[in-house]
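Dropping work-v8.tsv in here (TSV, C-alpha atoms):
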```
chain	number	residue	atom	x	y	z
B	155	MET	CA	7.43	35.60	4.03
B	156	GLN	CA	6.43	37.30	0.79
B	157	LEU	CA	8.76	39.83	-0.77
B	158	VAL	CA	7.34	43.18	-1.86
B	159	PRO	CA	7.51	43.00	-5.68
B	160	ILE	CA	10.30	45.13	-7.15
B	161	SER	CA	10.26	45.75	-10.90
B	162	LEU	CA	13.65	46.33	-12.47
B	163	PRO	CA	13.37	47.83	-15.97
B	164	GLY	CA	14.44	51.37	-14.97
B	165	LYS	CA	16.39	53.13	-12.28
B	166	GLN	CA	13.26	54.52	-10.60
B	167	SER	CA	12.09	51.01	-9.76
B	168	LEU	CA	14.85	50.68	-7.16
B	169	ASN	CA	13.14	53.38	-5.12
B	170	ARG	CA	9.53	52.33	-5.73
B	171	PRO	CA	7.40	52.42	-2.58
B	172	ALA	CA	4.98	49.60	-1.92
B	173	ASP	CA	1.50	50.14	-3.34
B	174	GLY	CA	-0.41	52.78	-1.39
B	175	VAL	CA	2.70	54.48	0.00
B	176	MET	CA	3.66	57.87	-1.39
B	177	GLY	CA	7.25	58.43	-2.45
B	178	CYS	CA	7.65	60.92	0.43
B	179	GLY	CA	6.94	58.41	3.18
B	180	VAL	CA	3.17	58.35	3.66
B	181	MET	CA	2.75	62.06	3.09
B	182	SER	CA	0.27	63.36	0.54
B	183	SER	CA	0.84	66.15	-1.96
B	184	SER	CA	-0.71	68.67	0.47
B	185	SER	CA	1.74	67.82	3.26
B	186	PRO	CA	4.51	70.23	4.23
B	187	ARG	CA	7.98	69.97	2.77
B	188	PHE	CA	10.69	68.86	5.17
B	189	LEU	CA	13.80	71.00	5.36
B	190	HIS	CA	15.94	67.98	6.22
B	191	ASP	CA	14.98	66.52	2.83
B	192	LEU	CA	16.62	69.43	1.02
B	193	GLY	CA	20.16	69.68	-0.23
B	194	PHE	CA	22.00	72.99	-0.02
B	195	ALA	CA	21.02	74.07	-3.55
B	196	GLU	CA	17.38	73.26	-2.78
B	197	VAL	CA	17.49	75.41	0.36
B	198	GLU	CA	18.89	78.27	-1.73
B	199	ALA	CA	16.12	77.80	-4.29
B	200	ALA	CA	13.41	77.75	-1.60
B	201	LEU	CA	14.64	81.08	-0.24
B	202	GLN	CA	15.05	82.68	-3.64
B	203	ALA	CA	11.51	81.65	-4.59
B	204	ASP	CA	10.31	83.96	-1.80
B	205	GLY	CA	12.66	86.78	-2.69
B	206	VAL	CA	15.25	86.03	0.01
B	207	ARG	CA	18.81	86.29	-1.26
B	208	ALA	CA	20.63	83.01	-1.73
B	209	HIS	CA	23.50	83.88	0.63
B	210	HIS	CA	21.11	83.51	3.60
B	211	ALA	CA	21.00	79.78	2.83
B	212	LYS	CA	24.39	79.34	4.53
B	213	ALA	CA	23.02	80.43	7.91
B	214	LEU	CA	19.87	78.32	7.54
B	215	TRP	CA	21.81	75.25	6.42
B	216	ARG	CA	24.33	75.64	9.24
B	217	ALA	CA	21.55	75.81	11.81
B	218	ILE	CA	19.76	72.75	10.45
B	219	GLN	CA	22.58	70.49	9.32
B	220	ARG	CA	25.65	71.46	11.36
B	221	GLU	CA	24.11	72.60	14.64
B	222	GLY	CA	21.04	70.34	14.52
B	223	ALA	CA	18.64	73.12	15.53
B	224	LEU	CA	15.07	72.02	16.29
B	225	ASP	CA	13.59	75.50	16.88
B	226	LEU	CA	14.47	77.82	14.03
B	227	ALA	CA	12.22	80.59	15.37
B	228	ALA	CA	14.56	80.97	18.34
B	229	ARG	CA	17.65	81.46	16.20
B	230	ASP	CA	19.31	84.86	15.84
B	231	PHE	CA	19.05	85.03	12.05
B	232	SER	CA	19.30	88.15	9.94
B	233	PRO	CA	15.92	89.96	9.59
B	234	PRO	CA	15.13	88.64	6.07
B	235	LEU	CA	15.76	85.06	7.17
B	236	GLN	CA	13.87	85.55	10.44
B	237	ARG	CA	10.84	86.79	8.50
B	238	TRP	CA	11.04	83.84	6.11
B	239	VAL	CA	11.25	81.33	8.99
B	240	ALA	CA	8.30	82.97	10.75
B	241	ALA	CA	6.18	82.86	7.61
B	242	ARG	CA	7.23	79.52	6.13
B	243	VAL	CA	8.47	77.11	8.83
B	244	GLY	CA	6.35	75.32	11.42
B	245	GLU	CA	3.29	73.15	11.83
B	246	GLY	CA	0.64	74.06	9.28
B	247	ARG	CA	3.12	76.01	7.16
B	248	GLU	CA	4.96	75.13	3.95
B	249	PHE	CA	8.10	73.75	5.62
B	250	CYS	CA	8.86	71.87	8.81
B	251	LEU	CA	11.73	69.97	10.41
B	252	ASP	CA	12.23	66.24	10.86
B	253	ALA	CA	12.47	65.59	14.58
B	254	PRO	CA	11.67	61.98	15.50
B	255	ASP	CA	10.41	61.34	19.02
B	256	LEU	CA	12.44	59.13	21.31
B	257	VAL	CA	10.33	56.16	22.38
B	258	ARG	CA	13.08	54.35	24.25
B	259	GLU	CA	16.83	54.53	24.78
B	260	ILE	CA	18.67	51.40	25.88
B	261	HIS	CA	22.29	51.22	27.05
B	262	SER	CA	24.33	48.09	26.49
B	263	GLY	CA	26.29	46.51	29.30
B	264	ASP	CA	29.42	46.97	27.16
B	265	GLY	CA	29.30	50.68	28.09
B	266	LEU	CA	29.88	51.67	24.47
B	267	THR	CA	26.56	51.15	22.74
B	268	ARG	CA	23.22	52.97	22.86
B	269	LYS	CA	20.13	51.99	20.92
B	270	PHE	CA	17.35	54.47	20.18
B	271	LEU	CA	13.81	53.53	19.19
B	272	LEU	CA	12.57	56.58	17.27
B	273	ARG	CA	9.00	57.36	16.21
B	274	GLN	CA	8.49	59.16	12.91
B	275	ARG	CA	5.71	61.68	12.31
B	276	ASP	CA	3.27	59.05	11.00
B	277	GLY	CA	3.85	56.65	13.91
B	278	GLN	CA	6.33	54.36	12.17
B	279	GLU	CA	9.14	53.31	14.48
B	280	THR	CA	12.75	52.68	13.51
B	281	GLU	CA	15.94	51.94	15.42
B	282	THR	CA	19.27	53.76	15.37
B	283	VAL	CA	22.45	52.67	17.16
B	284	LEU	CA	25.38	54.76	18.41
B	285	MET	CA	28.56	52.74	18.94
B	286	GLY	CA	31.81	53.74	20.58
B	287	TYR	CA	35.19	52.36	19.54
B	288	ASP	CA	38.75	53.30	20.40
B	289	GLY	CA	39.01	56.94	19.33
B	290	ARG	CA	35.85	57.05	17.22
B	291	HIS	CA	32.07	56.79	17.22
B	292	THR	CA	29.86	55.22	14.57
B	293	ALA	CA	26.15	55.63	13.92
B	294	CYS	CA	24.19	52.74	12.43
B	295	VAL	CA	21.04	54.10	10.80
B	296	SER	CA	17.93	52.66	9.16
B	297	SER	CA	16.82	53.30	5.59
B	298	GLN	CA	13.36	51.71	5.76
B	299	ALA	CA	10.69	50.82	8.28
B	300	GLY	CA	10.92	47.04	8.09
B	301	CYS	CA	12.48	45.26	5.13
B	302	ALA	CA	11.23	43.40	2.05
B	303	MET	CA	14.26	41.13	1.68
B	304	GLY	CA	13.16	38.58	4.27
B	305	CYS	CA	16.56	37.23	5.40
B	306	VAL	CA	15.54	34.43	7.74
B	307	PHE	CA	18.06	35.21	10.52
B	308	CYS	CA	17.43	38.97	10.57
B	309	ALA	CA	14.91	40.51	12.97
B	310	THR	CA	14.08	43.33	10.54
B	311	GLY	CA	13.53	40.83	7.73
B	312	GLN	CA	11.21	38.88	10.02
B	313	MET	CA	9.07	42.05	10.42
B	314	GLY	CA	8.25	42.47	6.74
B	315	PHE	CA	8.16	45.78	4.88
B	316	ALA	CA	6.19	48.89	5.91
B	317	ARG	CA	7.62	51.81	3.94
B	318	HIS	CA	10.72	53.64	2.75
B	319	LEU	CA	12.21	56.41	4.83
B	320	ARG	CA	12.50	59.84	3.29
B	321	PRO	CA	15.96	61.44	2.96
B	322	GLY	CA	15.22	63.73	5.89
B	323	GLU	CA	14.24	60.82	8.11
B	324	ILE	CA	17.63	59.24	7.42
B	325	VAL	CA	19.48	62.52	7.98
B	326	ALA	CA	17.53	63.15	11.21
B	327	GLN	CA	18.82	59.87	12.68
B	328	VAL	CA	22.41	61.03	12.19
B	329	LEU	CA	21.62	64.40	13.73
B	330	TYR	CA	19.97	62.67	16.69
B	331	ALA	CA	23.04	60.52	17.30
B	332	ARG	CA	25.28	63.61	17.06
B	333	ARG	CA	23.17	65.49	19.62
B	334	VAL	CA	23.41	62.57	22.05
B	335	LEU	CA	27.15	62.33	21.54
B	336	MET	CA	27.70	66.07	22.06
B	337	ALA	CA	25.48	66.09	25.15
B	338	THR	CA	27.12	63.11	26.81
B	339	GLN	CA	30.72	63.20	25.57
B	340	ALA	CA	31.66	66.78	24.86
B	341	GLY	CA	34.30	67.15	22.19
B	342	ARG	CA	33.72	63.73	20.65
B	343	ARG	CA	32.77	63.67	16.97
B	344	LEU	CA	30.62	61.27	15.04
B	345	ARG	CA	33.19	60.07	12.51
B	346	ASN	CA	31.62	57.06	10.81
B	347	LEU	CA	28.26	56.08	9.40
B	348	VAL	CA	26.97	52.67	8.37
B	349	LEU	CA	23.66	52.01	6.65
B	350	MET	CA	23.28	48.64	8.30
B	351	GLY	CA	20.17	49.33	10.35
B	352	MET	CA	16.61	48.45	9.44
B	353	GLY	CA	15.92	48.04	5.73
B	354	GLU	CA	17.75	47.46	2.44
B	355	PRO	CA	19.43	50.74	1.40
B	356	LEU	CA	19.56	49.90	-2.32
B	357	HIS	CA	15.80	49.19	-2.34
B	358	ASN	CA	15.39	52.86	-1.33
B	359	TYR	CA	18.19	54.03	-3.61
B	360	ASP	CA	17.20	57.60	-4.50
B	361	ALA	CA	16.28	58.63	-0.95
B	362	VAL	CA	19.44	57.05	0.49
B	363	MET	CA	21.77	58.71	-2.01
B	364	HIS	CA	20.13	62.10	-1.52
B	365	ALA	CA	20.47	61.68	2.26
B	366	LEU	CA	24.15	60.76	1.92
B	367	ASP	CA	24.79	63.79	-0.29
B	368	ILE	CA	23.41	65.92	2.56
B	369	ILE	CA	25.26	64.04	5.32
B	370	SER	CA	28.62	64.21	3.55
B	371	ASP	CA	28.33	67.93	2.67
B	372	VAL	CA	31.24	69.65	4.45
B	373	ARG	CA	29.06	72.69	5.16
B	374	GLY	CA	26.83	70.52	7.34
B	375	ILE	CA	27.32	67.21	9.11
B	376	GLY	CA	30.42	66.58	7.01
B	377	ILE	CA	31.02	62.84	7.45
B	378	GLY	CA	33.55	61.97	4.73
B	379	PRO	CA	32.33	59.57	2.01
B	380	SER	CA	35.19	57.18	2.78
B	381	ARG	CA	33.75	56.84	6.29
B	382	ILE	CA	30.27	55.91	5.05
B	383	SER	CA	29.37	52.27	4.33
B	384	ILE	CA	26.32	51.04	2.48
B	385	SER	CA	25.32	47.46	3.21
B	386	THR	CA	23.20	45.51	0.73
B	387	VAL	CA	21.89	41.97	0.67
B	388	GLY	CA	22.70	41.93	-3.04
B	389	VAL	CA	20.35	44.22	-5.00
B	390	VAL	CA	22.18	43.80	-8.30
B	391	PRO	CA	20.74	46.83	-10.18
B	392	GLY	CA	21.65	49.05	-7.23
B	393	ILE	CA	25.24	47.76	-7.10
B	394	LEU	CA	25.68	48.46	-10.80
B	395	ARG	CA	24.09	51.88	-10.47
B	396	LEU	CA	26.46	52.75	-7.62
B	397	ALA	CA	29.36	51.94	-9.94
B	398	GLU	CA	27.95	53.76	-12.96
B	399	GLU	CA	27.25	56.90	-10.94
B	400	GLY	CA	30.68	56.83	-9.30
B	401	ARG	CA	29.30	57.01	-5.78
B	402	PRO	CA	32.23	57.45	-3.36
B	403	TYR	CA	30.88	55.37	-0.47
B	404	ARG	CA	32.12	51.99	0.73
B	405	LEU	CA	30.12	48.96	-0.37
B	406	ALA	CA	29.40	45.99	1.89
B	407	VAL	CA	27.63	42.96	0.43
B	408	SER	CA	25.91	40.47	2.73
B	409	LEU	CA	26.74	37.11	1.14
B	410	HIS	CA	26.20	34.29	3.70
B	411	GLY	CA	26.30	31.44	1.18
B	412	SER	CA	28.86	29.99	-1.26
B	413	THR	CA	26.33	28.11	-3.42
B	414	GLU	CA	22.92	29.11	-4.69
B	415	GLU	CA	21.24	26.49	-2.53
B	416	GLU	CA	23.14	27.52	0.59
B	417	ARG	CA	22.46	31.23	0.09
B	418	SER	CA	18.81	31.08	-0.97
B	419	ALA	CA	17.96	29.10	2.17
B	420	LEU	CA	19.08	32.10	4.23
B	421	VAL	CA	18.49	35.02	1.85
B	422	PRO	CA	15.20	34.79	-0.12
B	423	ALA	CA	16.28	37.73	-2.31
B	424	SER	CA	18.79	35.33	-3.89
B	425	LYS	CA	15.89	33.89	-5.85
B	426	LYS	CA	15.52	37.28	-7.58
B	427	TRP	CA	19.23	38.05	-7.87
B	428	PRO	CA	21.01	34.66	-8.01
B	429	LEU	CA	24.47	34.24	-6.57
B	430	ALA	CA	26.18	34.04	-9.98
B	431	GLU	CA	24.49	37.30	-11.05
B	432	LEU	CA	25.47	38.98	-7.79
B	433	ILE	CA	29.12	37.95	-8.05
B	434	ALA	CA	29.21	39.14	-11.67
B	435	ALA	CA	27.84	42.51	-10.53
B	436	CYS	CA	30.51	42.70	-7.83
B	437	ARG	CA	33.22	42.01	-10.41
B	438	GLU	CA	31.80	44.74	-12.61
B	439	TYR	CA	31.64	47.14	-9.65
B	440	GLY	CA	35.30	46.45	-8.91
B	441	ARG	CA	36.28	46.88	-12.55
B	442	ILE	CA	34.53	50.23	-12.88
B	443	THR	CA	35.41	51.74	-9.51
B	444	GLY	CA	38.68	50.04	-8.55
B	445	LYS	CA	37.30	49.92	-5.00
B	446	ARG	CA	37.44	47.08	-2.49
B	447	ILE	CA	34.19	45.33	-1.56
B	448	PHE	CA	33.52	44.24	2.00
B	449	PHE	CA	31.67	40.93	2.10
B	450	GLU	CA	29.61	40.25	5.23
B	451	TRP	CA	29.31	36.63	6.34
B	452	THR	CA	27.07	35.63	9.25
B	453	LEU	CA	28.49	32.39	10.67
B	454	ILE	CA	25.65	29.97	11.48
B	455	ALA	CA	26.43	26.56	12.99
B	456	GLY	CA	25.78	23.75	10.56
B	457	LYS	CA	24.58	26.11	7.82
B	458	ASN	CA	27.56	27.97	6.39
B	459	ASP	CA	30.54	27.46	8.72
B	460	SER	CA	32.24	24.39	7.25
B	461	PRO	CA	35.77	24.26	5.78
B	462	ASP	CA	34.29	23.24	2.41
B	463	THR	CA	32.09	26.34	2.45
B	464	ALA	CA	35.13	28.52	3.21
B	465	ARG	CA	37.05	26.98	0.30
B	466	ARG	CA	34.10	27.52	-2.07
B	467	LEU	CA	33.86	31.13	-0.90
B	468	ALA	CA	37.54	31.71	-1.60
B	469	GLU	CA	37.09	30.36	-5.12
B	470	LEU	CA	33.95	32.43	-5.63
B	471	LEU	CA	35.72	35.68	-4.71
B	472	ARG	CA	38.91	34.98	-6.61
B	473	GLY	CA	39.89	38.03	-8.63
B	474	ILE	CA	37.71	40.45	-6.62
B	475	ASP	CA	39.41	42.94	-4.31
B	476	SER	CA	37.65	41.68	-1.18
B	477	HIS	CA	37.68	41.91	2.58
B	478	VAL	CA	35.53	39.35	4.40
B	479	ASN	CA	33.91	40.34	7.69
B	480	LEU	CA	32.87	37.34	9.77
B	481	ILE	CA	29.92	37.87	12.13
B	482	PRO	CA	28.87	35.09	14.51
B	483	LEU	CA	25.07	34.87	14.34
B	484	ASN	CA	23.29	37.20	16.74
B	485	PRO	CA	20.15	35.70	18.29
B	486	THR	CA	16.65	36.72	17.16
B	487	SER	CA	13.31	35.34	18.27
B	488	GLY	CA	12.25	34.37	14.74
B	489	PHE	CA	15.19	32.08	13.87
B	490	ASP	CA	16.28	28.99	15.76
B	491	GLY	CA	19.82	28.77	14.36
B	492	ARG	CA	22.85	29.35	16.58
B	493	ALA	CA	26.20	31.03	16.16
B	494	ALA	CA	29.10	28.95	14.86
B	495	ASP	CA	31.42	27.72	17.61
B	496	PRO	CA	34.80	29.51	17.94
B	497	GLY	CA	36.76	26.54	16.55
B	498	PRO	CA	34.95	26.29	13.18
B	499	GLY	CA	34.91	30.11	12.99
B	500	ARG	CA	38.68	30.34	13.37
B	501	GLU	CA	39.19	27.57	10.80
B	502	PHE	CA	36.88	29.40	8.38
B	503	GLN	CA	39.00	32.51	8.83
B	504	ARG	CA	42.27	30.57	8.46
B	505	ILE	CA	41.19	29.14	5.10
B	506	LEU	CA	40.28	32.56	3.73
B	507	LEU	CA	43.50	34.13	4.98
B	508	ALA	CA	45.51	31.31	3.43
B	509	ALA	CA	43.74	31.98	0.13
B	510	GLY	CA	44.91	35.58	0.25
B	511	PHE	CA	41.75	37.34	1.46
B	512	PRO	CA	41.82	39.80	4.38
B	513	CYS	CA	39.38	38.33	6.85
B	514	THR	CA	38.41	39.67	10.27
B	515	PHE	CA	35.79	39.05	12.92
B	516	ARG	CA	33.68	42.14	13.32
B	517	GLN	CA	33.73	43.71	16.77
B	518	ARG	CA	30.41	42.91	18.40
B	519	ARG	CA	28.47	45.70	20.07
B	520	GLY	CA	25.21	45.81	22.00
B	521	ILE	CA	24.22	42.15	21.68
B	522	ASP	CA	22.64	42.19	25.15
B	523	VAL	CA	20.17	44.90	24.09
B	524	ALA	CA	19.48	43.54	20.58
B	525	ALA	CA	21.55	46.30	18.98
B	526	GLY	CA	23.85	43.96	17.05
B	527	CYS	CA	23.94	43.09	13.37
B	528	GLY	CA	20.59	41.60	12.31
B	529	GLN	CA	18.86	42.34	15.62
B	530	LEU	CA	17.15	45.68	14.94
B	531	LYS	CA	13.37	45.53	15.01
B	532	ALA	CA	10.61	48.00	15.80
B	533	GLU	CA	8.08	46.59	18.21
B	534	LYS	CA	5.26	48.31	16.38
B	535	VAL	CA	5.04	48.80	12.64
B	536	ARG	CA	1.89	50.42	11.29
B	537	ARG	CA	1.46	49.33	7.69
B	538	PRO	CA	-0.90	51.19	5.37
B	539	ALA	CA	-3.60	48.67	4.41
B	540	GLN	CA	-2.60	48.39	0.76
B	541	ALA	CA	1.11	48.07	1.58
B	542	ALA	CA	0.38	45.27	4.03
B	543	GLU	CA	-1.33	43.32	1.27
B	544	ALA	CA	1.54	43.69	-1.23
```
Conversion result in structure tokens:
Amino acid sequence: MQLVPISLPGKQSLNRPADGVMGCGVMSSSSPRFLHDLGFAEVEAALQADGVRAHHAKALWRAIQREGALDLAARDFSPPLQRWVAARVGEGREFCLDAPDLVREIHSGDGLTRKFLLRQRDGQETETVLMGYDGRHTACVSSQAGCAMGCVFCATGQMGFARHLRPGEIVAQVLYARRVLMATQAGRRLRNLVLMGMGEPLHNYDAVMHALDIISDVRGIGIGPSRISISTVGVVPGILRLAEEGRPYRLAVSLHGSTEEERSALVPASKKWPLAELIAACREYGRITGKRIFFEWTLIAGKNDSPDTARRLAELLRGIDSHVNLIPLNPTSGFDGRAADPGPGREFQRILLAAGFPCTFRQRRGIDVAAGCGQLKAEKVRRPAQAAEA
């Protein structure tokens, strides 16, 4: 599988869409603006540009971001805001809302997991997962339609890359999960968010960070930054940029290999950002931020589950404030590997614990409905012709 080329000289390159895809999804310059794309200050500015006083932004923002309203015309706004909504918001007008259509909802036999296949306005489909744990609920959202990283054991990587999601399309997934939770389990809050769905978040850096600014705003959805995790396969410039910008979110790095040969066989992106370069970036991230890094390790029988691999991993991470999450391989149709057996998995964990690294097996959710780590995949991805050729 070919990777979509990603140039690295400047920060903008981390968010560069594939050729033929506009930076705002596939929308052209004449398309409407999406209110879910806008931060609070941008909502204020949009109102002020039409002569509506800035203080009305609080009511509009609350309706969109806290209450998840889908029909602003039906809201009991003050007259100036009602007039603005009537004139500016709706199909064919300057602004509209992000409201993905539900294609399919699947419930896991574990009774705690729901997976939603959502269709965006241009027909692209993405998956979002809502997971229940003891006393909390977590949403796992997508940052791209497909993925350019090509990890061989990942269903999204097996799809290839279609396009980036806009900030509002990321925000709208969280709002969708919240609506489901409120409708089915009154009083329960969505407390945690992980960007571990379809796509590589740091390949869509600017849109993801803007979305997280909106999601963590206490005037809206209000998920605390310490409860938000960004998972990356190892996009080195993005890791360093996270550190330089002082982003408050938790970082999870999908490692999967303790040598360059071992890792590149599973993670093609390792050819662009070699293991040594990635580990150096992680050390720099830790030095700048003082924050712990969560390393994700998919245990694959005969590939990366040996005691020698565990010992090499411990040596590799020495000096980094690390927590290792072990994830037995989840099955996908495009990869014939199998999950490590429990015995080798426990020995792998024992070696890391003995070396002084916190090491846990991640709780598995929704495996029976392909809602687990590495299993998300849209059944239909419409690629713009030029993007498909990239």
Next on the checklist: Using Å and a single decimal, report how far atom CA of Leu356 of chain B sits from atom CA of Gly392 of chain B.
Outcome noted: 5.4 Å
Name all residues at most 10 Å from Phe270 of chain B (count only C-alpha atoms; drop same-chain ones fewer than 4 positions away) and give them as a short mmCIF file (atom, residue, chain, number, x, y, z; two decimals) with C-alpha atoms, in the coordinates of the input.
```cif
data_model
loop_
_atom_site.label_atom_id
_atom_site.label_comp_id
_atom_site.auth_asym_id
_atom_site.auth_seq_id
_atom_site.Cartn_x
_atom_site.Cartn_y
_atom_site.Cartn_z
CA ASP B 255 10.41 61.34 19.02
CA LEU B 256 12.44 59.13 21.31
CA VAL B 257 10.33 56.16 22.38
CA ARG B 258 13.08 54.35 24.25
CA GLU B 259 16.83 54.53 24.78
CA ILE B 260 18.67 51.40 25.88
CA HIS B 261 22.29 51.22 27.05
CA THR B 280 12.75 52.68 13.51
CA GLU B 281 15.94 51.94 15.42
CA THR B 282 19.27 53.76 15.37
CA VAL B 283 22.45 52.67 17.16
CA LEU B 284 25.38 54.76 18.41
CA GLN B 327 18.82 59.87 12.68
CA TYR B 330 19.97 62.67 16.69
CA ALA B 331 23.04 60.52 17.30
CA ALA B 525 21.55 46.30 18.98
#
```
Next on the checklist: Please list as a list of chain:residue names every residue within 10 Å of segment 334-342 of chain B, counting all atoms listed in the file and excluding residues in the same chain fewer than 4 positions away.
Outcome noted: B:Arg268, B:Leu284, B:Gly286, B:Gly289, B:Arg290, B:His291, B:Leu329, B:Tyr330
Item to check | Non-local contacts of Met313 of chain B (8 Å; all atoms listed in the file; under 3 positions in same chain excluded) as a PyMOL selection string | outcome: chain B and resi 300-301+309-310+531
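For the residues B:His410, B:Gln274, B:Val295, B:Arg345, ranking by smallest atom-to-atom distance to Ile375 of chain B using all atoms listed in the file places B:Arg345 first.
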Per residue of segment 307-327 of chain B within 12 Å of segment 357-368 of chain B, record the nearest atom pair and its distance in Å to one decimal, counting all atoms listed in the file, with rows in chain order and ascending residue number, as JSON lines.
```
{"residue": "B:Phe315", "atom": "CA", "partner": "B:His357", "partner_atom": "CA", "distance": 11.1}
{"residue": "B:Arg317", "atom": "CA", "partner": "B:Asn358", "partner_atom": "CA", "distance": 9.4}
{"residue": "B:His318", "atom": "CA", "partner": "B:Asn358", "partner_atom": "CA", "distance": 6.3}
{"residue": "B:Leu319", "atom": "CA", "partner": "B:Ala361", "partner_atom": "CA", "distance": 7.4}
{"residue": "B:Arg320", "atom": "CA", "partner": "B:Ala361", "partner_atom": "CA", "distance": 5.8}
{"residue": "B:Pro321", "atom": "CA", "partner": "B:Ala365", "partner_atom": "CA", "distance": 4.6}
{"residue": "B:Gly322", "atom": "CA", "partner": "B:Ala365", "partner_atom": "CA", "distance": 6.7}
{"residue": "B:Glu323", "atom": "CA", "partner": "B:Ala365", "partner_atom": "CA", "distance": 8.6}
{"residue": "B:Ile324", "atom": "CA", "partner": "B:Ala365", "partner_atom": "CA", "distance": 6.4}
{"residue": "B:Val325", "atom": "CA", "partner": "B:Ala365", "partner_atom": "CA", "distance": 5.9}
{"residue": "B:Ala326", "atom": "CA", "partner": "B:Ala365", "partner_atom": "CA", "distance": 9.5}
{"residue": "B:Gln327", "atom": "CA", "partner": "B:Ala365", "partner_atom": "CA", "distance": 10.7}
```
Next on the checklist: When you look at segment 477-479 of chain B with a cut-off of 10 Å (counting only C-alpha atoms), what residues show up, excluding the ones that are within fewer than 6 positions of it in the same chain? I need them as a ChimeraX atom specification.
Outcome noted: /B:406-409,446-452,467-468,471,503,506-507,510-517
Next on the checklist: If I take atom CA of Arg237 of chain B and atom CA of Asp371 of chain B, how far is one from the other in Å, to one decimal?
Outcome noted: 26.4 Å
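The interatomic distance for the pair atom CA of Lys212 of chain B and atom CA of Ile384 of chain B works out to 28.4 Å.
For the choices B:Gly374, B:Gly304, B:Pro428, B:Gly244, the atom-to-atom distance to Leu214 of chain B is smallest for B:Gly374 when using all atoms listed in the file.
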Item to check | Spatial neighbours of Pro402 of chain B, 9 Å, all atoms listed in the file, chain gap at least 5 places, as a PyMOL selection string | outcome: chain B and resi 379-380+382+396+443
Once you have the residues from the selection above, write them out as a CSV table (one decimal), keeping the file's coordinate frame, restricted to C-alpha atoms.
```csv
chain,number,residue,atom,x,y,z
B,379,PRO,CA,32.3,59.6,2.0
B,380,SER,CA,35.2,57.2,2.8
B,382,ILE,CA,30.3,55.9,5.0
B,396,LEU,CA,26.5,52.8,-7.6
B,443,THR,CA,35.4,51.7,-9.5
```
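Comparing B:Glu354, B:Trp238, B:Glu501, B:Ile369 by their smallest distance to Gly205 of chain B, the closest is B:Trp238 (using all atoms listed in the file).
Distance check against Ala213 of chain B using all atoms listed in the file: of B:Arg273, B:Lys445, B:Arg229, B:Arg472, the minimum falls on B:Arg229.
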Checklist entry - Around (28.5, 56.5, 7.2) in the file's frame, which residues reach within 7 Å when counting all atoms listed in the file? Return as a PyMOL selection string? => result chain B and resi 346-349+377+381-383
Compute the distance from (20.6, 31.1, 12.2) to each atom, counting only C-alpha atoms, keep the residues with any atom at most 12 Å away, and return them as a PDB file with C-alpha atoms, in the frame of the given file; use the coordinates of the file.
```pdb
ATOM      1  CA  CYS B 305      16.560  37.230   5.400  1.00  0.00           C
ATOM      2  CA  VAL B 306      15.540  34.430   7.740  1.00  0.00           C
ATOM      3  CA  PHE B 307      18.060  35.210  10.520  1.00  0.00           C
ATOM      4  CA  CYS B 308      17.430  38.970  10.570  1.00  0.00           C
ATOM      5  CA  ALA B 309      14.910  40.510  12.970  1.00  0.00           C
ATOM      6  CA  HIS B 410      26.200  34.290   3.700  1.00  0.00           C
ATOM      7  CA  ALA B 419      17.960  29.100   2.170  1.00  0.00           C
ATOM      8  CA  LEU B 420      19.080  32.100   4.230  1.00  0.00           C
ATOM      9  CA  VAL B 421      18.490  35.020   1.850  1.00  0.00           C
ATOM     10  CA  TRP B 451      29.310  36.630   6.340  1.00  0.00           C
ATOM     11  CA  THR B 452      27.070  35.630   9.250  1.00  0.00           C
ATOM     12  CA  LEU B 453      28.490  32.390  10.670  1.00  0.00           C
ATOM     13  CA  ILE B 454      25.650  29.970  11.480  1.00  0.00           C
ATOM     14  CA  ALA B 455      26.430  26.560  12.990  1.00  0.00           C
ATOM     15  CA  GLY B 456      25.780  23.750  10.560  1.00  0.00           C
ATOM     16  CA  LYS B 457      24.580  26.110   7.820  1.00  0.00           C
ATOM     17  CA  ASN B 458      27.560  27.970   6.390  1.00  0.00           C
ATOM     18  CA  ASP B 459      30.540  27.460   8.720  1.00  0.00           C
ATOM     19  CA  ILE B 481      29.920  37.870  12.130  1.00  0.00           C
ATOM     20  CA  PRO B 482      28.870  35.090  14.510  1.00  0.00           C
ATOM     21  CA  LEU B 483      25.070  34.870  14.340  1.00  0.00           C
ATOM     22  CA  ASN B 484      23.290  37.200  16.740  1.00  0.00           C
ATOM     23  CA  PRO B 485      20.150  35.700  18.290  1.00  0.00           C
ATOM     24  CA  THR B 486      16.650  36.720  17.160  1.00  0.00           C
ATOM     25  CA  SER B 487      13.310  35.340  18.270  1.00  0.00           C
ATOM     26  CA  GLY B 488      12.250  34.370  14.740  1.00  0.00           C
ATOM     27  CA  PHE B 489      15.190  32.080  13.870  1.00  0.00           C
ATOM     28  CA  ASP B 490      16.280  28.990  15.760  1.00  0.00           C
ATOM     29  CA  GLY B 491      19.820  28.770  14.360  1.00  0.00           C
ATOM     30  CA  ARG B 492      22.850  29.350  16.580  1.00  0.00           C
ATOM     31  CA  ALA B 493      26.200  31.030  16.160  1.00  0.00           C
ATOM     32  CA  ALA B 494      29.100  28.950  14.860  1.00  0.00           C
ATOM     33  CA  GLY B 528      20.590  41.600  12.310  1.00  0.00           C
ATOM     34  CA  GLN B 529      18.860  42.340  15.620  1.00  0.00           C
TER      35      GLN B 529
END
```
